[in-house]
>>> print(open('coords_3.cif').read())   # mmCIF, C-alpha atoms
data_entry
#
loop_
_atom_site.group_PDB
_atom_site.id
_atom_site.type_symbol
_atom_site.label_atom_id
_atom_site.label_comp_id
_atom_site.auth_asym_id
_atom_site.auth_seq_id
_atom_site.Cartn_x
_atom_site.Cartn_y
_atom_site.Cartn_z
ATOM 1 C CA MET B 1 7.013 149.224 -57.363
ATOM 2 C CA GLN B 2 5.708 148.896 -60.904
ATOM 3 C CA LYS B 3 2.657 150.990 -61.816
ATOM 4 C CA LEU B 4 -0.212 149.054 -63.362
ATOM 5 C CA ILE B 5 -2.741 151.918 -63.594
ATOM 6 C CA GLU B 6 -1.837 155.616 -63.625
ATOM 7 C CA ILE B 7 -4.706 158.102 -63.245
ATOM 8 C CA LYS B 8 -4.134 161.775 -64.071
ATOM 9 C CA ASP B 9 -6.510 164.770 -63.855
ATOM 10 C CA LEU B 10 -9.591 162.546 -64.008
ATOM 11 C CA ASN B 11 -12.946 164.348 -63.967
ATOM 12 C CA MET B 12 -16.476 162.991 -64.257
ATOM 13 C CA TYR B 13 -19.602 165.070 -64.857
ATOM 14 C CA TYR B 14 -23.180 163.784 -64.608
ATOM 15 C CA PRO B 15 -25.894 165.788 -66.424
ATOM 16 C CA VAL B 16 -28.883 166.813 -64.309
ATOM 17 C CA SER B 17 -32.067 168.064 -65.964
ATOM 18 C CA SER B 18 -34.196 170.755 -64.340
ATOM 19 C CA GLY B 19 -36.716 173.472 -65.185
ATOM 20 C CA ILE B 20 -39.858 173.241 -67.288
ATOM 21 C CA LEU B 21 -39.861 170.063 -69.421
ATOM 22 C CA ASN B 22 -36.313 169.384 -68.153
ATOM 23 C CA SER B 23 -35.062 172.104 -70.484
ATOM 24 C CA ALA B 24 -32.244 173.402 -68.274
ATOM 25 C CA LYS B 25 -29.056 171.359 -68.186
ATOM 26 C CA GLU B 26 -26.787 171.345 -65.156
ATOM 27 C CA TYR B 27 -23.863 169.123 -64.281
ATOM 28 C CA ILE B 28 -22.711 167.454 -61.095
ATOM 29 C CA ARG B 29 -18.935 167.069 -60.840
ATOM 30 C CA ALA B 30 -18.622 163.574 -59.388
ATOM 31 C CA LEU B 31 -14.805 163.364 -59.681
ATOM 32 C CA SER B 32 -12.482 166.363 -59.316
ATOM 33 C CA ASP B 33 -9.000 166.126 -60.852
ATOM 34 C CA ILE B 34 -8.197 162.684 -59.445
ATOM 35 C CA ASN B 35 -4.508 161.733 -59.520
ATOM 36 C CA LEU B 36 -3.732 158.216 -58.341
ATOM 37 C CA ASP B 37 -1.333 155.346 -59.105
ATOM 38 C CA ILE B 38 -2.258 151.692 -58.592
ATOM 39 C CA TYR B 39 0.756 149.398 -58.253
ATOM 40 C CA LYS B 40 1.038 145.882 -59.616
ATOM 41 C CA GLY B 41 0.204 143.211 -57.034
ATOM 42 C CA GLU B 42 -1.285 145.501 -54.378
ATOM 43 C CA ILE B 43 -4.740 145.849 -52.852
ATOM 44 C CA LEU B 44 -5.595 149.542 -52.792
ATOM 45 C CA GLY B 45 -8.507 150.408 -50.508
ATOM 46 C CA LEU B 46 -10.806 153.290 -51.488
ATOM 47 C CA VAL B 47 -12.960 154.615 -48.636
ATOM 48 C CA GLY B 48 -15.391 157.430 -47.929
ATOM 49 C CA GLU B 49 -19.035 158.186 -47.187
ATOM 50 C CA SER B 50 -21.826 157.114 -49.535
ATOM 51 C CA GLY B 51 -22.086 159.518 -52.471
ATOM 52 C CA CYS B 52 -18.439 160.638 -52.371
ATOM 53 C CA GLY B 53 -17.603 159.174 -55.813
ATOM 54 C CA LYS B 54 -15.947 155.834 -54.962
ATOM 55 C CA SER B 55 -18.029 153.689 -57.316
ATOM 56 C CA THR B 56 -17.848 156.367 -60.004
ATOM 57 C CA LEU B 57 -14.041 156.242 -59.849
ATOM 58 C CA GLY B 58 -14.020 152.440 -60.096
ATOM 59 C CA LYS B 59 -16.305 152.463 -63.135
ATOM 60 C CA ALA B 60 -14.410 155.361 -64.736
ATOM 61 C CA ILE B 61 -11.103 153.456 -64.480
ATOM 62 C CA LEU B 62 -12.648 150.540 -66.389
ATOM 63 C CA ARG B 63 -14.316 152.834 -68.965
ATOM 64 C CA LEU B 64 -17.801 151.752 -67.903
ATOM 65 C CA LEU B 65 -18.342 155.534 -67.805
ATOM 66 C CA ASN B 66 -16.861 158.213 -70.041
ATOM 67 C CA PRO B 67 -14.801 160.543 -67.844
ATOM 68 C CA GLU B 68 -12.383 163.279 -68.894
ATOM 69 C CA GLY B 69 -8.656 163.039 -68.260
ATOM 70 C CA TYR B 70 -6.145 160.210 -68.451
ATOM 71 C CA VAL B 71 -6.123 156.596 -67.268
ATOM 72 C CA TYR B 72 -2.860 154.984 -68.392
ATOM 73 C CA TYR B 73 -2.598 151.214 -68.700
ATOM 74 C CA GLU B 74 0.637 149.837 -70.166
ATOM 75 C CA ASN B 75 1.569 153.460 -70.999
ATOM 76 C CA LYS B 76 -1.579 153.956 -73.130
ATOM 77 C CA ASN B 77 -4.528 156.181 -72.222
ATOM 78 C CA LEU B 78 -7.439 153.743 -72.169
ATOM 79 C CA LEU B 79 -9.896 156.666 -72.424
ATOM 80 C CA GLU B 80 -8.717 156.911 -76.050
ATOM 81 C CA PHE B 81 -9.050 153.183 -76.789
ATOM 82 C CA ASP B 82 -11.172 152.221 -79.785
ATOM 83 C CA ARG B 83 -13.709 149.404 -79.551
ATOM 84 C CA LYS B 84 -11.198 146.665 -80.389
ATOM 85 C CA GLU B 85 -8.575 147.918 -77.888
ATOM 86 C CA LEU B 86 -11.253 148.268 -75.206
ATOM 87 C CA LYS B 87 -12.390 144.690 -75.728
ATOM 88 C CA GLN B 88 -8.810 143.486 -75.257
ATOM 89 C CA PHE B 89 -8.534 145.589 -72.093
ATOM 90 C CA ARG B 90 -11.748 144.003 -70.736
ATOM 91 C CA LYS B 91 -9.990 140.615 -70.664
ATOM 92 C CA LYS B 92 -7.344 142.065 -68.365
ATOM 93 C CA ALA B 93 -9.569 144.165 -66.084
ATOM 94 C CA GLN B 94 -12.873 143.106 -64.536
ATOM 95 C CA MET B 95 -15.358 144.317 -61.922
ATOM 96 C CA ILE B 96 -17.114 142.637 -59.010
ATOM 97 C CA PHE B 97 -20.345 144.507 -58.343
ATOM 98 C CA GLN B 98 -21.881 145.251 -54.970
ATOM 99 C CA ASN B 99 -25.087 143.259 -55.173
ATOM 100 C CA PRO B 100 -24.866 139.612 -56.295
ATOM 101 C CA PHE B 101 -28.678 139.476 -56.343
ATOM 102 C CA SER B 102 -28.851 141.867 -59.305
ATOM 103 C CA SER B 103 -25.521 141.214 -61.062
ATOM 104 C CA LEU B 104 -26.362 137.621 -62.085
ATOM 105 C CA ASP B 105 -28.930 136.791 -64.786
ATOM 106 C CA PRO B 106 -31.628 134.692 -63.021
ATOM 107 C CA LYS B 107 -32.490 132.835 -66.259
ATOM 108 C CA MET B 108 -28.998 131.412 -66.783
ATOM 109 C CA THR B 109 -27.367 128.421 -65.101
ATOM 110 C CA ILE B 110 -24.039 129.029 -63.395
ATOM 111 C CA TYR B 111 -22.316 127.139 -66.212
ATOM 112 C CA SER B 112 -23.885 129.492 -68.799
ATOM 113 C CA LEU B 113 -22.989 132.573 -66.731
ATOM 114 C CA LEU B 114 -19.337 131.521 -66.637
ATOM 115 C CA ARG B 115 -19.265 130.379 -70.253
ATOM 116 C CA GLU B 116 -20.658 133.639 -71.676
ATOM 117 C CA PRO B 117 -17.549 135.875 -71.169
ATOM 118 C CA LEU B 118 -15.363 133.193 -72.769
ATOM 119 C CA VAL B 119 -17.564 132.996 -75.867
ATOM 120 C CA VAL B 120 -17.761 136.805 -76.136
ATOM 121 C CA HIS B 121 -13.954 136.895 -76.185
ATOM 122 C CA LYS B 122 -13.824 134.182 -78.869
ATOM 123 C CA ILE B 123 -12.677 131.307 -76.665
ATOM 124 C CA ARG B 124 -14.755 128.571 -78.289
ATOM 125 C CA ASP B 125 -12.792 125.375 -77.723
ATOM 126 C CA LYS B 126 -15.144 123.229 -75.629
ATOM 127 C CA SER B 127 -12.423 121.456 -73.652
ATOM 128 C CA GLU B 128 -10.758 124.766 -72.738
ATOM 129 C CA ILE B 129 -14.111 126.285 -71.723
ATOM 130 C CA ASN B 130 -14.920 123.296 -69.510
ATOM 131 C CA SER B 131 -11.429 123.259 -68.025
ATOM 132 C CA ARG B 132 -11.552 126.961 -67.111
ATOM 133 C CA ILE B 133 -15.072 126.759 -65.667
ATOM 134 C CA HIS B 134 -14.349 123.713 -63.488
ATOM 135 C CA GLU B 135 -11.057 125.233 -62.298
ATOM 136 C CA ILE B 136 -12.553 128.606 -61.339
ATOM 137 C CA ILE B 137 -15.706 127.247 -59.660
ATOM 138 C CA ASN B 138 -13.548 125.086 -57.372
ATOM 139 C CA LEU B 139 -11.151 127.957 -56.759
ATOM 140 C CA VAL B 140 -13.956 130.108 -55.290
ATOM 141 C CA GLY B 141 -15.126 127.322 -52.973
ATOM 142 C CA LEU B 142 -18.062 125.844 -54.916
ATOM 143 C CA ASN B 143 -18.294 122.479 -56.681
ATOM 144 C CA ASP B 144 -19.046 121.073 -60.122
ATOM 145 C CA GLU B 145 -22.632 120.141 -59.204
ATOM 146 C CA ASP B 146 -23.378 123.853 -58.597
ATOM 147 C CA LEU B 147 -22.829 124.569 -62.313
ATOM 148 C CA LYS B 148 -26.239 123.068 -63.158
ATOM 149 C CA ARG B 149 -28.123 125.319 -60.756
ATOM 150 C CA TYR B 150 -29.587 128.841 -61.083
ATOM 151 C CA PRO B 151 -28.665 131.972 -59.058
ATOM 152 C CA HIS B 152 -31.882 131.919 -56.972
ATOM 153 C CA GLU B 153 -30.864 128.523 -55.560
ATOM 154 C CA PHE B 154 -27.852 130.015 -53.757
ATOM 155 C CA SER B 155 -27.337 132.144 -50.652
ATOM 156 C CA GLY B 156 -26.002 135.701 -50.884
ATOM 157 C CA GLY B 157 -22.452 134.629 -50.031
ATOM 158 C CA GLN B 158 -22.527 131.837 -52.622
ATOM 159 C CA ARG B 159 -23.831 134.249 -55.261
ATOM 160 C CA GLN B 160 -20.964 136.602 -54.563
ATOM 161 C CA ARG B 161 -18.548 133.684 -55.007
ATOM 162 C CA ILE B 162 -20.181 133.069 -58.407
ATOM 163 C CA ALA B 163 -19.824 136.767 -59.284
ATOM 164 C CA ILE B 164 -16.123 136.576 -58.336
ATOM 165 C CA ALA B 165 -15.722 133.436 -60.476
ATOM 166 C CA ARG B 166 -17.296 135.213 -63.435
ATOM 167 C CA ALA B 167 -14.943 138.187 -63.007
ATOM 168 C CA LEU B 168 -11.931 135.841 -62.903
ATOM 169 C CA ILE B 169 -12.904 133.470 -65.739
ATOM 170 C CA LEU B 170 -10.974 135.538 -68.316
ATOM 171 C CA LYS B 171 -7.827 135.484 -66.125
ATOM 172 C CA PRO B 172 -7.592 139.262 -65.592
ATOM 173 C CA GLU B 173 -4.733 140.929 -63.764
ATOM 174 C CA PHE B 174 -6.776 143.851 -62.352
ATOM 175 C CA LEU B 175 -10.031 143.721 -60.381
ATOM 176 C CA VAL B 176 -12.273 146.534 -59.197
ATOM 177 C CA ALA B 177 -14.273 145.197 -56.230
ATOM 178 C CA ASP B 178 -17.125 147.643 -55.611
ATOM 179 C CA GLU B 179 -18.441 147.111 -52.061
ATOM 180 C CA PRO B 180 -18.407 143.320 -52.646
ATOM 181 C CA VAL B 181 -19.340 142.400 -49.057
ATOM 182 C CA SER B 182 -21.675 145.217 -47.963
ATOM 183 C CA ALA B 183 -24.864 143.278 -48.904
ATOM 184 C CA LEU B 184 -23.765 140.195 -46.916
ATOM 185 C CA ASP B 185 -24.024 139.065 -43.289
ATOM 186 C CA VAL B 186 -20.960 139.805 -41.158
ATOM 187 C CA SER B 187 -19.931 136.130 -40.860
ATOM 188 C CA ILE B 188 -20.149 135.723 -44.655
ATOM 189 C CA GLN B 189 -18.222 138.981 -45.199
ATOM 190 C CA ALA B 190 -15.194 137.466 -43.457
ATOM 191 C CA GLN B 191 -15.292 134.410 -45.752
ATOM 192 C CA ILE B 192 -15.441 136.528 -48.923
ATOM 193 C CA ILE B 193 -12.637 138.825 -47.728
ATOM 194 C CA THR B 194 -10.438 135.796 -46.970
ATOM 195 C CA LEU B 195 -11.309 134.357 -50.388
ATOM 196 C CA LEU B 196 -10.270 137.595 -52.138
ATOM 197 C CA GLN B 197 -6.985 137.624 -50.226
ATOM 198 C CA ASN B 198 -6.231 134.030 -51.200
ATOM 199 C CA LEU B 199 -7.163 134.613 -54.850
ATOM 200 C CA LYS B 200 -4.977 137.711 -54.971
ATOM 201 C CA GLU B 201 -1.968 135.630 -53.890
ATOM 202 C CA LYS B 202 -2.732 132.577 -56.079
ATOM 203 C CA LEU B 203 -3.525 134.526 -59.255
ATOM 204 C CA ASN B 204 -1.181 137.511 -58.746
ATOM 205 C CA LEU B 205 -4.063 139.992 -58.906
ATOM 206 C CA THR B 206 -4.090 143.747 -58.407
ATOM 207 C CA ILE B 207 -7.286 144.904 -56.676
ATOM 208 C CA LEU B 208 -8.988 148.257 -56.149
ATOM 209 C CA PHE B 209 -11.208 147.484 -53.147
ATOM 210 C CA ILE B 210 -14.021 150.019 -52.691
ATOM 211 C CA SER B 211 -15.769 150.176 -49.311
ATOM 212 C CA HIS B 212 -17.287 152.520 -46.752
ATOM 213 C CA ASP B 213 -16.124 150.133 -43.983
ATOM 214 C CA LEU B 214 -12.670 151.125 -42.740
ATOM 215 C CA GLY B 215 -12.452 148.001 -40.579
ATOM 216 C CA VAL B 216 -12.678 145.763 -43.653
ATOM 217 C CA VAL B 217 -10.270 147.919 -45.656
ATOM 218 C CA LYS B 218 -7.726 147.976 -42.821
ATOM 219 C CA TYR B 219 -7.634 144.182 -42.772
ATOM 220 C CA LEU B 220 -7.384 143.738 -46.536
ATOM 221 C CA SER B 221 -5.477 146.657 -48.068
ATOM 222 C CA ASP B 222 -1.810 147.508 -48.577
ATOM 223 C CA ARG B 223 -2.595 151.207 -49.108
ATOM 224 C CA ILE B 224 -5.720 153.331 -48.563
ATOM 225 C CA ALA B 225 -7.052 156.353 -50.470
ATOM 226 C CA VAL B 226 -9.662 158.451 -48.628
ATOM 227 C CA MET B 227 -12.313 160.217 -50.740
ATOM 228 C CA TYR B 228 -14.555 163.155 -49.882
ATOM 229 C CA LEU B 229 -16.993 164.734 -52.359
ATOM 230 C CA GLY B 230 -15.132 163.581 -55.459
ATOM 231 C CA ASP B 231 -11.650 164.425 -54.104
ATOM 232 C CA ILE B 232 -8.936 162.161 -52.758
ATOM 233 C CA VAL B 233 -7.961 163.919 -49.520
ATOM 234 C CA GLU B 234 -5.410 161.455 -48.116
ATOM 235 C CA LEU B 235 -3.341 158.548 -49.435
ATOM 236 C CA SER B 236 -1.090 156.336 -47.350
ATOM 237 C CA GLU B 237 0.078 152.841 -46.528
ATOM 238 C CA THR B 238 -2.554 151.198 -44.328
ATOM 239 C CA HIS B 239 -0.454 150.887 -41.160
ATOM 240 C CA GLU B 240 0.704 154.496 -41.411
ATOM 241 C CA LEU B 241 -2.809 155.835 -42.049
ATOM 242 C CA PHE B 242 -4.250 154.223 -38.918
ATOM 243 C CA LYS B 243 -1.219 155.071 -36.793
ATOM 244 C CA ASN B 244 -0.856 158.663 -37.980
ATOM 245 C CA PRO B 245 -3.926 160.021 -39.868
ATOM 246 C CA LYS B 246 -3.505 163.627 -40.973
ATOM 247 C CA HIS B 247 -6.682 164.891 -42.631
ATOM 248 C CA PRO B 248 -9.475 165.846 -40.176
ATOM 249 C CA TYR B 249 -11.921 163.769 -42.244
ATOM 250 C CA THR B 250 -9.686 160.681 -42.050
ATOM 251 C CA LYS B 251 -9.327 161.172 -38.285
ATOM 252 C CA ALA B 252 -13.120 161.263 -37.937
ATOM 253 C CA LEU B 253 -13.562 158.095 -40.025
ATOM 254 C CA ILE B 254 -10.926 156.173 -38.067
ATOM 255 C CA SER B 255 -12.296 157.323 -34.697
ATOM 256 C CA ALA B 256 -15.682 155.844 -35.658
ATOM 257 C CA VAL B 257 -14.344 152.325 -36.394
ATOM 258 C CA PRO B 258 -15.818 149.944 -33.757
ATOM 259 C CA SER B 259 -13.301 148.248 -31.472
ATOM 260 C CA ILE B 260 -13.465 145.783 -28.579
ATOM 261 C CA HIS B 261 -10.474 147.560 -27.011
ATOM 262 C CA GLU B 262 -10.516 150.911 -25.226
ATOM 263 C CA LYS B 263 -9.908 153.621 -27.797
ATOM 264 C CA ALA B 264 -6.932 155.928 -27.477
ATOM 265 C CA VAL B 265 -8.865 158.636 -29.345
ATOM 266 C CA LYS B 266 -12.416 159.735 -28.549
ATOM 267 C CA GLU B 267 -14.866 159.439 -31.431
ATOM 268 C CA ILE B 268 -14.915 162.607 -33.561
ATOM 269 C CA LYS B 269 -18.450 163.455 -34.610
ATOM 270 C CA LEU B 270 -18.707 165.334 -37.912
ATOM 271 C CA GLU B 271 -21.025 168.327 -37.860
ATOM 272 C CA GLY B 272 -23.795 168.542 -40.460
ATOM 273 C CA ASP B 273 -24.547 166.367 -43.450
ATOM 274 C CA LEU B 274 -22.459 165.648 -46.517
ATOM 275 C CA PRO B 275 -22.939 168.697 -48.805
ATOM 276 C CA SER B 276 -24.700 168.207 -52.125
ATOM 277 C CA PRO B 277 -22.270 167.405 -54.975
ATOM 278 C CA LYS B 278 -24.511 169.655 -57.079
ATOM 279 C CA ASN B 279 -23.416 172.653 -55.019
ATOM 280 C CA PRO B 280 -20.210 171.747 -53.127
ATOM 281 C CA PRO B 281 -18.442 174.226 -50.801
ATOM 282 C CA GLU B 282 -15.849 176.510 -52.372
ATOM 283 C CA ALA B 283 -12.094 175.889 -51.943
ATOM 284 C CA CYS B 284 -11.659 173.024 -49.426
ATOM 285 C CA LYS B 285 -14.860 170.988 -49.705
ATOM 286 C CA PHE B 286 -14.551 169.743 -46.131
ATOM 287 C CA HIS B 287 -14.292 173.146 -44.440
ATOM 288 C CA THR B 288 -18.038 173.350 -43.626
ATOM 289 C CA ARG B 289 -17.716 170.278 -41.340
ATOM 290 C CA CYS B 290 -14.134 170.650 -40.096
ATOM 291 C CA LYS B 291 -13.333 171.434 -36.441
ATOM 292 C CA ASP B 292 -9.865 172.709 -37.471
ATOM 293 C CA VAL B 293 -11.178 175.149 -40.093
ATOM 294 C CA MET B 294 -9.141 178.302 -40.843
ATOM 295 C CA SER B 295 -10.025 181.360 -42.932
ATOM 296 C CA VAL B 296 -7.848 180.133 -45.847
ATOM 297 C CA CYS B 297 -9.940 176.951 -46.089
ATOM 298 C CA SER B 298 -12.912 178.789 -47.621
ATOM 299 C CA GLN B 299 -10.721 180.897 -49.927
ATOM 300 C CA LYS B 300 -8.183 178.572 -51.522
ATOM 301 C CA GLU B 301 -8.212 174.904 -52.499
ATOM 302 C CA PRO B 302 -5.446 172.963 -50.703
ATOM 303 C CA GLU B 303 -2.814 171.074 -52.687
ATOM 304 C CA PHE B 304 -1.469 167.595 -52.029
ATOM 305 C CA THR B 305 1.337 167.790 -49.477
ATOM 306 C CA LYS B 306 3.868 164.992 -48.977
ATOM 307 C CA ILE B 307 4.143 163.858 -45.365
ATOM 308 C CA SER B 308 6.528 161.064 -46.392
ATOM 309 C CA ASP B 309 7.345 159.097 -49.555
ATOM 310 C CA SER B 310 4.190 157.012 -49.101
ATOM 311 C CA HIS B 311 1.872 159.468 -47.323
ATOM 312 C CA CYS B 312 0.138 162.497 -48.914
ATOM 313 C CA VAL B 313 -2.652 164.744 -47.619
ATOM 314 C CA LYS B 314 -4.769 167.519 -49.143
ATOM 315 C CA CYS B 315 -5.193 169.967 -46.256
ATOM 316 C CA HIS B 316 -4.068 173.530 -45.414
ATOM 317 C CA LEU B 317 -2.915 172.361 -41.970
ATOM 318 C CA TYR B 318 0.138 170.837 -43.689
ATOM 319 C CA ASP B 319 0.862 173.409 -46.437
#
>>> encode(input="coords_3.cif", output="structure tokens")
Amino acid sequence: MQKLIEIKDLNMYYPVSSGILNSAKEYIRALSDINLDIYKGEILGLVGESGCGKSTLGKAILRLLNPEGYVYYENKNLLEFDRKELKQFRKKAQMIFQNPFSSLDPKMTIYSLLREPLVVHKIRDKSEINSRIHEIINLVGLNDEDLKRYPHEFSGGQRQRIAIARALILKPEFLVADEPVSALDVSIQAQIITLLQNLKEKLNLTILFISHDLGVVKYLSDRIAVMYLGDIVELSETHELFKNPKHPYTKALISAVPSIHEKAVKEIKLEGDLPSPKNPPEACKFHTRCKDVMSVCSQKEPEFTKISDSHCVKCHLYD
């Protein structure tokens, strides 16, 4: 498969002020040496608990943050792009944010919201603007009359359709969808997920789908990357991951997915809370909550081990 995005040794640090008059500077390491390939035409699911760095990774890939490392797009490190190159990249890569209630300007009509990215990227021909807007609004399941209305006149699911339309108006090839259904009712979630699947096929999109809901990711994704405290601990094709999870953290996540059928595996309850990213455990970050912990886990960081050509895990059990 052809690589669209290649991520190498990606790190992200957030400054944290402390002490008298916030004089002391500390840093939280939100991403730790992330290495990940995203292939053209796939939906890659990214899962993990809240606070593990999923959204940070999505924003870092699009240069909405300034991480350290390498993010290659068309064999060029986009972390070194100048302003002009970055603007060109923005046409090809867009983001759908989690909350449609805050991601849409309440003072703008839907027509103006969809027109704005086109004008910013110097598409000023009125007939082309109108053509693109009418095409995309119908593609996401809304109609031309909706273009005259304002965001507050729509339901949450309709607003997310508008947010998707805005992300697609520039005809990108790569989308980062950051928890796009978590703020919606369950029945509406299914509609938006189906919409994303259909759009991916019609428009030949590549999608990084970020979620804490493994049930949603299982349905939608071709491959899944599991994150824990800024690390990717397991990466596999979706079917293989659910059939044969390797990392103890992945096993616990999968065991907790609700099912109407009798489960073959009893739910694995993780001990303790997610450690603070400000002071993470040494070596393997998961060892403080792991039922399979060994002495080496607190002494040495595990390396990625290949289980098969499409399945890797970061755990001393498989060294």
>>> atom_distance(input="coords_3.cif", atom1="CA of Ala30 (chain B)", atom2="CA of Phe81 (chain B)")
22.4 Å
>>> residues_near_point(input="coords_3.cif", point="(-23.2, 127.4, -59.9)", cutoff="8 Å", atoms="all atoms listed in the file", output="list in words")
Thr109, Ile110, Tyr111, Ile137, Leu142, Asn143, Asp144, Glu145, Asp146, Leu147, Lys148, Arg149, Tyr150, Pro151 and Ile162 of chain B
>>> write_last_selection(input="coords_3.cif", atoms="C-alpha atoms", output="mmCIF file, keeping the file's coordinate frame")
data_model
loop_
_atom_site.group_PDB
_atom_site.id
_atom_site.type_symbol
_atom_site.label_atom_id
_atom_site.label_comp_id
_atom_site.auth_asym_id
_atom_site.auth_seq_id
_atom_site.Cartn_x
_atom_site.Cartn_y
_atom_site.Cartn_z
ATOM 1 C CA THR B 109 -27.367 128.421 -65.101
ATOM 2 C CA ILE B 110 -24.039 129.029 -63.395
ATOM 3 C CA TYR B 111 -22.316 127.139 -66.212
ATOM 4 C CA ILE B 137 -15.706 127.247 -59.660
ATOM 5 C CA LEU B 142 -18.062 125.844 -54.916
ATOM 6 C CA ASN B 143 -18.294 122.479 -56.681
ATOM 7 C CA ASP B 144 -19.046 121.073 -60.122
ATOM 8 C CA GLU B 145 -22.632 120.141 -59.204
ATOM 9 C CA ASP B 146 -23.378 123.853 -58.597
ATOM 10 C CA LEU B 147 -22.829 124.569 -62.313
ATOM 11 C CA LYS B 148 -26.239 123.068 -63.158
ATOM 12 C CA ARG B 149 -28.123 125.319 -60.756
ATOM 13 C CA TYR B 150 -29.587 128.841 -61.083
ATOM 14 C CA PRO B 151 -28.665 131.972 -59.058
ATOM 15 C CA ILE B 162 -20.181 133.069 -58.407
#
>>> resolve_selection(input="coords_3.cif", expression="the PyMOL selection byres ((chain B and resi 271) around 10)", output="number ranges by chain")
B: 268-270, 272-274, 288-291
>>> atom_distance(input="coords_3.cif", atom1="CA of Gln191 (chain B)", atom2="CA of Thr250 (chain B)")
27.1 Å
>>> closest_residue(input="coords_3.cif", among="B:Val313, B:Val233, B:Gly45, B:Leu36", to="Val216 (chain B)", atoms="only C-alpha atoms")
B:Gly45
>>> closest_residue(input="coords_3.cif", among="B:Ile43, B:Ala93, B:Leu114, B:Val120", to="Glu135 (chain B)", atoms="only C-alpha atoms")
B:Leu114
>>> residues_around(input="coords_3.cif", residues="Glu49 (chain B)", least_positions_apart="3", cutoff="8 Å", atoms="all atoms listed in the file", output="list of chain:residue names")
B:Cys52, B:His212, B:Met227, B:Tyr228
>>> residues_around(input="coords_3.cif", residues="Leu113 (chain B)", least_positions_apart="5", cutoff="8 Å", atoms="all atoms listed in the file", output="compact mmCIF listing (two decimals) with C-alpha atoms, in the coordinates of the input")
# COMPACT_ATOMS: atom_id res chain seq x y z
CA LEU B 104 -26.36 137.62 -62.08
CA ASP B 105 -28.93 136.79 -64.79
CA MET B 108 -29.00 131.41 -66.78
CA ARG B 166 -17.30 135.21 -63.44
>>> residues_around(input="coords_3.cif", residues="Phe174 (chain B)", least_positions_apart="3", cutoff="12 Å", atoms="all atoms listed in the file", output="number ranges by chain")
B: 3-5, 38-44, 58, 61-62, 73, 89-96, 167-168, 170-171, 177, 199-200, 203-209
>>> resolve_selection(input="coords_3.cif", expression="the PyMOL selection byres ((chain B and resi 300) around 10)", output="list in words")
Glu282, Ala283, Cys284, Ser295, Val296, Cys297, Ser298, Gln299, Glu301, Pro302, Glu303 and His316 of chain B
>>> decode(input="coords_3.cif", residues="region 26-60 of chain B", atoms="C-alpha atoms", output="compact mmCIF listing (two decimals), in the first residue's frame")
# COMPACT_ATOMS: atom_id res chain seq x y z
CA GLU B 26 8.09 22.40 33.54
CA TYR B 27 7.05 20.38 30.53
CA ILE B 28 4.54 17.61 29.99
CA ARG B 29 5.55 15.13 27.28
CA ALA B 30 2.24 14.57 25.49
CA LEU B 31 3.69 12.45 22.64
CA SER B 32 6.66 10.10 23.05
CA ASP B 33 8.61 9.13 19.92
CA ILE B 34 5.56 8.28 17.81
CA ASN B 35 6.28 6.23 14.68
CA LEU B 36 3.27 5.59 12.46
CA ASP B 37 2.40 5.26 8.76
CA ILE B 38 -1.00 6.21 7.35
CA TYR B 39 -1.78 4.54 4.02
CA LYS B 40 -3.63 6.12 1.13
CA GLY B 41 -7.34 5.25 1.08
CA GLU B 42 -7.56 3.71 4.56
CA ILE B 43 -9.41 4.65 7.73
CA LEU B 44 -6.95 4.37 10.61
CA GLY B 45 -8.60 4.29 14.03
CA LEU B 46 -6.76 5.87 16.98
CA VAL B 47 -8.07 4.80 20.39
CA GLY B 48 -7.22 5.20 24.06
CA GLU B 49 -8.42 6.76 27.31
CA SER B 50 -9.07 10.49 27.62
CA GLY B 51 -5.79 12.37 28.11
CA CYS B 52 -3.61 9.78 26.35
CA GLY B 53 -2.60 12.15 23.51
CA LYS B 54 -4.96 11.17 20.67
CA SER B 55 -6.14 14.69 19.84
CA THR B 56 -2.62 16.04 20.29
CA LEU B 57 -1.35 13.57 17.68
CA GLY B 58 -4.11 14.53 15.23
CA LYS B 59 -3.37 18.25 15.60
CA ALA B 60 0.40 17.66 15.45
